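J.: Below you'll find the structure I mean.
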Amino acid sequence: MVATFLSQFTRAQRRPFDRWSGGVIVLCGLILGPVIAVLLAAFGDSAGLWSHLYDTVLGRYVSNTLILMAGVGALAVGFGVSSAWVISRYDFAGRRMLEWMLLLPAAIPAYIIAYSYTEFFEYAGPLQSGLRHMFGWQSPRDYWFPEIRSLGGAVLVMASVLYPYIYMVTRIAFRLTPASLFEIALVHNRSQFWQVGLPLARPAIMAGLALVMMEVMSDFGTVEFFAIETITLGIFNVWLGMNNLVAAAQISIVGFGFILALLGLELYARSRQQYVASSRNQTPLAMLTPTKLGVLACWMVCV
């Protein structure tokens with residue numbers, strides 16, 4: 001193995017340095033420049049602010065970020081995998097329309113959805129106003145309704161926006177799975193979803209989940225609107241509110257560690273796993289036709 005690496009390295013060293021190589025180096029420098037600048041700034045003097053943040057709010061930043069990432073990731077996997085399975089395996093009225101409409105939330109910023117959800121679900125919104133009018137309630141003490149501007153509300157909002165990352169790659173994985181594997185599961189009376197579809201789509205699901213968690217990690221608009229103290233919000237507060245770039249860069253290192261951990265987890269989950277196989281002679285996967293009640297269930301899963 002070492003000899004092979006050395007031979008390839010020596011062969012690469014003999015290649016002439018052309019303009020394409022120079023362009024790649026310049027492009028890599030432009031991409032890595034901001035990261036290097038943050039790393040260098042983090043080694044500066046924060047005037048004792050870092051130790052103060054560590055003793056007071058940093059733990060809350062980290063815990064809220066972890067809860068948000070775990071909650072959004074779990075819901076996004078549930079939304080994305082279930083809808084991808086329904087779209088890939090069942091033939092029902094409206095399937096082709098839903099197949100592309102399920103991708104639309106990815107085109108809308110999460111904070112826009114947060115504004116819309118808040119206007120609809122808050123106390124003065126149409127839903128609670130209609131409930132009070134219907135049941136004769138006069139004040140919030142007469143009934144209980146979950147608070148949308150909360151950590152749970154942020155999880156729901158962000159999952160409803162970010163699940164297309166998982167839906168898109170999982171749908172492709174389901175369609176590239178050989179039909180013969182589903183037929184074998186059917187012959188042996190095994191679950192086509194739990195014992196064939198889901199295990200073979202796991203690498204794709206993990207890749208989509210990593211993207212979702214990175215989006216959650218970097219989100220600012222939604223958490224700022226819901227007043228949830230995360231690492232990203234802490235960076236802005238320290239940088240702009242306290243005018244301390246060094247401490248903000250040091251908090252960014254914590255977030256950077258989260259991103260590296262996600263990349264490592266995604267690479268580990270997909271290591272030595274090559275489940276999806278495609279062939280030109282592969283038999284097309286036969287779609288299942290649900291009953292009328294099944295059609296309703298398919299729509300409920302997708303909507």
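As shown in the structure tokens, the chain order sets the letters A, B, ...; within each chain, residues go from 1, and ligands are also counted from 1 in the order they appear.
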May I have all residues of range 78-161 of chain A that DSSP, computed from the backbone, assigns to alpha helix (DSSP H), given as a VMD selection string?
T.: chain A and resid 78 to 89 95 to 101 110 to 121 126 to 135 151 to 161
J.: Those selected residues, please, written with N, CA and C atoms and delivered as a compact mmCIF listing (two decimals), in the first residue's frame.
T.:
# COMPACT_ATOMS: atom_id res chain seq x y z
N GLY A 78 -38.02 11.36 9.34
CA GLY A 78 -39.37 10.81 9.29
C GLY A 78 -40.16 11.33 8.10
N PHE A 79 -40.14 12.66 7.90
CA PHE A 79 -40.87 13.25 6.78
C PHE A 79 -40.30 12.79 5.44
N GLY A 80 -38.97 12.87 5.30
CA GLY A 80 -38.35 12.59 4.01
C GLY A 80 -38.41 11.14 3.60
N VAL A 81 -38.11 10.22 4.52
CA VAL A 81 -38.09 8.80 4.19
C VAL A 81 -39.50 8.28 3.91
N SER A 82 -40.46 8.66 4.74
CA SER A 82 -41.83 8.16 4.55
C SER A 82 -42.42 8.66 3.23
N SER A 83 -42.24 9.94 2.93
CA SER A 83 -42.78 10.46 1.67
C SER A 83 -42.04 9.88 0.47
N ALA A 84 -40.72 9.67 0.58
CA ALA A 84 -39.97 9.07 -0.53
C ALA A 84 -40.43 7.65 -0.79
N TRP A 85 -40.72 6.89 0.26
CA TRP A 85 -41.19 5.51 0.08
C TRP A 85 -42.57 5.48 -0.57
N VAL A 86 -43.45 6.34 -0.14
CA VAL A 86 -44.80 6.38 -0.72
C VAL A 86 -44.74 6.76 -2.19
N ILE A 87 -43.94 7.78 -2.52
CA ILE A 87 -43.84 8.23 -3.90
C ILE A 87 -43.18 7.17 -4.78
N SER A 88 -42.22 6.43 -4.25
CA SER A 88 -41.47 5.46 -5.04
C SER A 88 -42.20 4.13 -5.23
N ARG A 89 -43.07 3.76 -4.30
CA ARG A 89 -43.64 2.41 -4.32
C ARG A 89 -45.12 2.35 -4.65
N ARG A 95 -49.91 11.45 -7.59
CA ARG A 95 -48.55 11.10 -7.19
C ARG A 95 -47.51 11.93 -7.94
N ARG A 96 -47.69 12.10 -9.24
CA ARG A 96 -46.71 12.85 -10.03
C ARG A 96 -46.65 14.31 -9.59
N MET A 97 -47.78 14.87 -9.23
CA MET A 97 -47.79 16.25 -8.75
C MET A 97 -47.08 16.36 -7.40
N LEU A 98 -47.39 15.43 -6.50
CA LEU A 98 -46.77 15.46 -5.18
C LEU A 98 -45.27 15.19 -5.26
N GLU A 99 -44.86 14.40 -6.24
CA GLU A 99 -43.44 14.05 -6.36
C GLU A 99 -42.56 15.28 -6.46
N TRP A 100 -43.04 16.31 -7.16
CA TRP A 100 -42.25 17.53 -7.32
C TRP A 100 -42.64 18.60 -6.31
N MET A 101 -43.88 18.59 -5.87
CA MET A 101 -44.29 19.57 -4.87
C MET A 101 -43.58 19.35 -3.53
N ALA A 110 -36.09 29.29 5.73
CA ALA A 110 -36.75 28.80 6.93
C ALA A 110 -37.39 29.92 7.73
N TYR A 111 -36.77 31.10 7.74
CA TYR A 111 -37.35 32.19 8.54
C TYR A 111 -38.65 32.70 7.95
N ILE A 112 -38.84 32.56 6.64
CA ILE A 112 -40.11 32.95 6.03
C ILE A 112 -41.21 31.99 6.49
N ILE A 113 -40.90 30.70 6.50
CA ILE A 113 -41.86 29.72 7.03
C ILE A 113 -42.13 29.98 8.51
N ALA A 114 -41.10 30.39 9.24
CA ALA A 114 -41.28 30.70 10.67
C ALA A 114 -42.26 31.85 10.85
N TYR A 115 -42.13 32.90 10.04
CA TYR A 115 -43.08 34.01 10.12
C TYR A 115 -44.50 33.54 9.83
N SER A 116 -44.65 32.72 8.79
CA SER A 116 -45.98 32.25 8.39
C SER A 116 -46.60 31.37 9.47
N TYR A 117 -45.82 30.43 10.00
CA TYR A 117 -46.34 29.55 11.05
C TYR A 117 -46.74 30.35 12.30
N THR A 118 -45.93 31.35 12.64
CA THR A 118 -46.23 32.15 13.83
C THR A 118 -47.52 32.93 13.64
N GLU A 119 -47.69 33.54 12.47
CA GLU A 119 -48.92 34.29 12.22
C GLU A 119 -50.15 33.39 12.25
N PHE A 120 -49.99 32.14 11.87
CA PHE A 120 -51.14 31.23 11.82
C PHE A 120 -51.45 30.63 13.18
N PHE A 121 -50.41 30.28 13.95
CA PHE A 121 -50.62 29.53 15.20
C PHE A 121 -50.62 30.39 16.46
N PRO A 126 -55.42 33.08 13.01
CA PRO A 126 -56.74 32.57 12.61
C PRO A 126 -57.11 31.25 13.28
N LEU A 127 -56.14 30.38 13.58
CA LEU A 127 -56.48 29.09 14.18
C LEU A 127 -57.02 29.25 15.60
N GLN A 128 -56.26 29.92 16.45
CA GLN A 128 -56.73 30.09 17.83
C GLN A 128 -57.95 31.00 17.90
N SER A 129 -58.03 32.00 17.04
CA SER A 129 -59.22 32.85 17.03
C SER A 129 -60.45 32.04 16.66
N GLY A 130 -60.32 31.16 15.69
CA GLY A 130 -61.44 30.31 15.31
C GLY A 130 -61.84 29.34 16.41
N LEU A 131 -60.85 28.78 17.11
CA LEU A 131 -61.16 27.88 18.23
C LEU A 131 -61.88 28.62 19.36
N ARG A 132 -61.44 29.84 19.66
CA ARG A 132 -62.11 30.60 20.72
C ARG A 132 -63.54 30.95 20.32
N HIS A 133 -63.73 31.29 19.07
CA HIS A 133 -65.08 31.61 18.59
C HIS A 133 -65.96 30.36 18.59
N MET A 134 -65.40 29.21 18.25
CA MET A 134 -66.19 27.99 18.16
C MET A 134 -66.60 27.46 19.53
N PHE A 135 -65.69 27.51 20.50
CA PHE A 135 -65.96 26.92 21.81
C PHE A 135 -66.29 27.95 22.89
N LEU A 151 -38.61 26.24 21.37
CA LEU A 151 -37.65 25.30 20.78
C LEU A 151 -38.37 24.22 19.98
N GLY A 152 -39.49 23.73 20.50
CA GLY A 152 -40.27 22.74 19.75
C GLY A 152 -40.84 23.30 18.47
N GLY A 153 -41.30 24.56 18.51
CA GLY A 153 -41.79 25.19 17.30
C GLY A 153 -40.71 25.36 16.26
N ALA A 154 -39.50 25.71 16.70
CA ALA A 154 -38.38 25.84 15.76
C ALA A 154 -38.03 24.51 15.13
N VAL A 155 -38.09 23.43 15.91
CA VAL A 155 -37.83 22.10 15.37
C VAL A 155 -38.84 21.77 14.28
N LEU A 156 -40.12 22.02 14.53
CA LEU A 156 -41.15 21.72 13.54
C LEU A 156 -40.98 22.55 12.28
N VAL A 157 -40.72 23.84 12.45
CA VAL A 157 -40.58 24.73 11.29
C VAL A 157 -39.38 24.34 10.44
N MET A 158 -38.24 24.14 11.06
CA MET A 158 -37.03 23.84 10.29
C MET A 158 -37.10 22.46 9.66
N ALA A 159 -37.72 21.49 10.33
CA ALA A 159 -37.87 20.16 9.73
C ALA A 159 -38.78 20.21 8.51
N SER A 160 -39.82 21.03 8.55
CA SER A 160 -40.74 21.13 7.41
C SER A 160 -40.10 21.82 6.22
N VAL A 161 -38.99 22.52 6.43
CA VAL A 161 -38.28 23.19 5.34
C VAL A 161 -37.12 22.35 4.82
J.: Near Phe43 in chain A, counting only C-alpha atoms, which residues have an atom at most 10 Å away, once you skip same-chain residues fewer than 3 positions from it, shown as a PyMOL selection string?
T.: chain A and resi 38-40+46+246-247+249-250
J.: Neighbouring residues of range 229-240 of chain A were defined as those with any atom within 6 Å, considering only C-alpha atoms; residues of the same chain fewer than 4 positions away were excluded. Please report them as a PDB file with N, CA and C atoms, in the first residue's frame.
T.:
ATOM      1  N   TYR A  61     -25.799  27.610  24.787  1.00  0.00           N
ATOM      2  CA  TYR A  61     -25.664  27.644  23.328  1.00  0.00           C
ATOM      3  C   TYR A  61     -25.496  26.230  22.768  1.00  0.00           C
ATOM      4  N   ASN A  64     -28.760  23.913  23.384  1.00  0.00           N
ATOM      5  CA  ASN A  64     -29.858  24.268  22.480  1.00  0.00           C
ATOM      6  C   ASN A  64     -29.547  23.858  21.047  1.00  0.00           C
ATOM      7  N   THR A  65     -28.293  24.027  20.642  1.00  0.00           N
ATOM      8  CA  THR A  65     -27.911  23.630  19.283  1.00  0.00           C
ATOM      9  C   THR A  65     -28.038  22.125  19.098  1.00  0.00           C
ATOM     10  N   ASN A 244     -16.737  42.114  19.881  1.00  0.00           N
ATOM     11  CA  ASN A 244     -15.539  41.330  20.190  1.00  0.00           C
ATOM     12  C   ASN A 244     -15.401  40.237  19.138  1.00  0.00           C
ATOM     13  N   LEU A 245     -14.600  40.521  18.119  1.00  0.00           N
ATOM     14  CA  LEU A 245     -14.431  39.583  17.013  1.00  0.00           C
ATOM     15  C   LEU A 245     -13.680  38.333  17.446  1.00  0.00           C
ATOM     16  N   ALA A 248     -16.022  35.957  19.215  1.00  0.00           N
ATOM     17  CA  ALA A 248     -16.937  35.389  18.222  1.00  0.00           C
ATOM     18  C   ALA A 248     -16.245  34.310  17.401  1.00  0.00           C
TER      19      ALA A 248
END
J.: Using only C-alpha atoms, which protein or nucleic acid residues come within 9 Å of Met168 in chain A? Drop anything in the same chain fewer than 3 positions from it, and give the result as a list in words.
T.: Gly80, Ala84, Leu102, Leu103, Tyr163, Pro164, Tyr165, Arg171, Ile172, Ala173 and Gly208 of chain A
J.: CA of Met213 in chain A and CA of Met69 in chain A, how far apart in Å?
T.: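 CA of Met213 in chain A lies 5.5 Å from CA of Met69 in chain A.
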J.: With distances taken over only C-alpha atoms, which residue among A:Gly44, A:Gly136, A:Gly71, A:Pro146 lies nearest Val212 in chain A?
T.: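 So, comparing all the options, the nearest one is A:Gly71.
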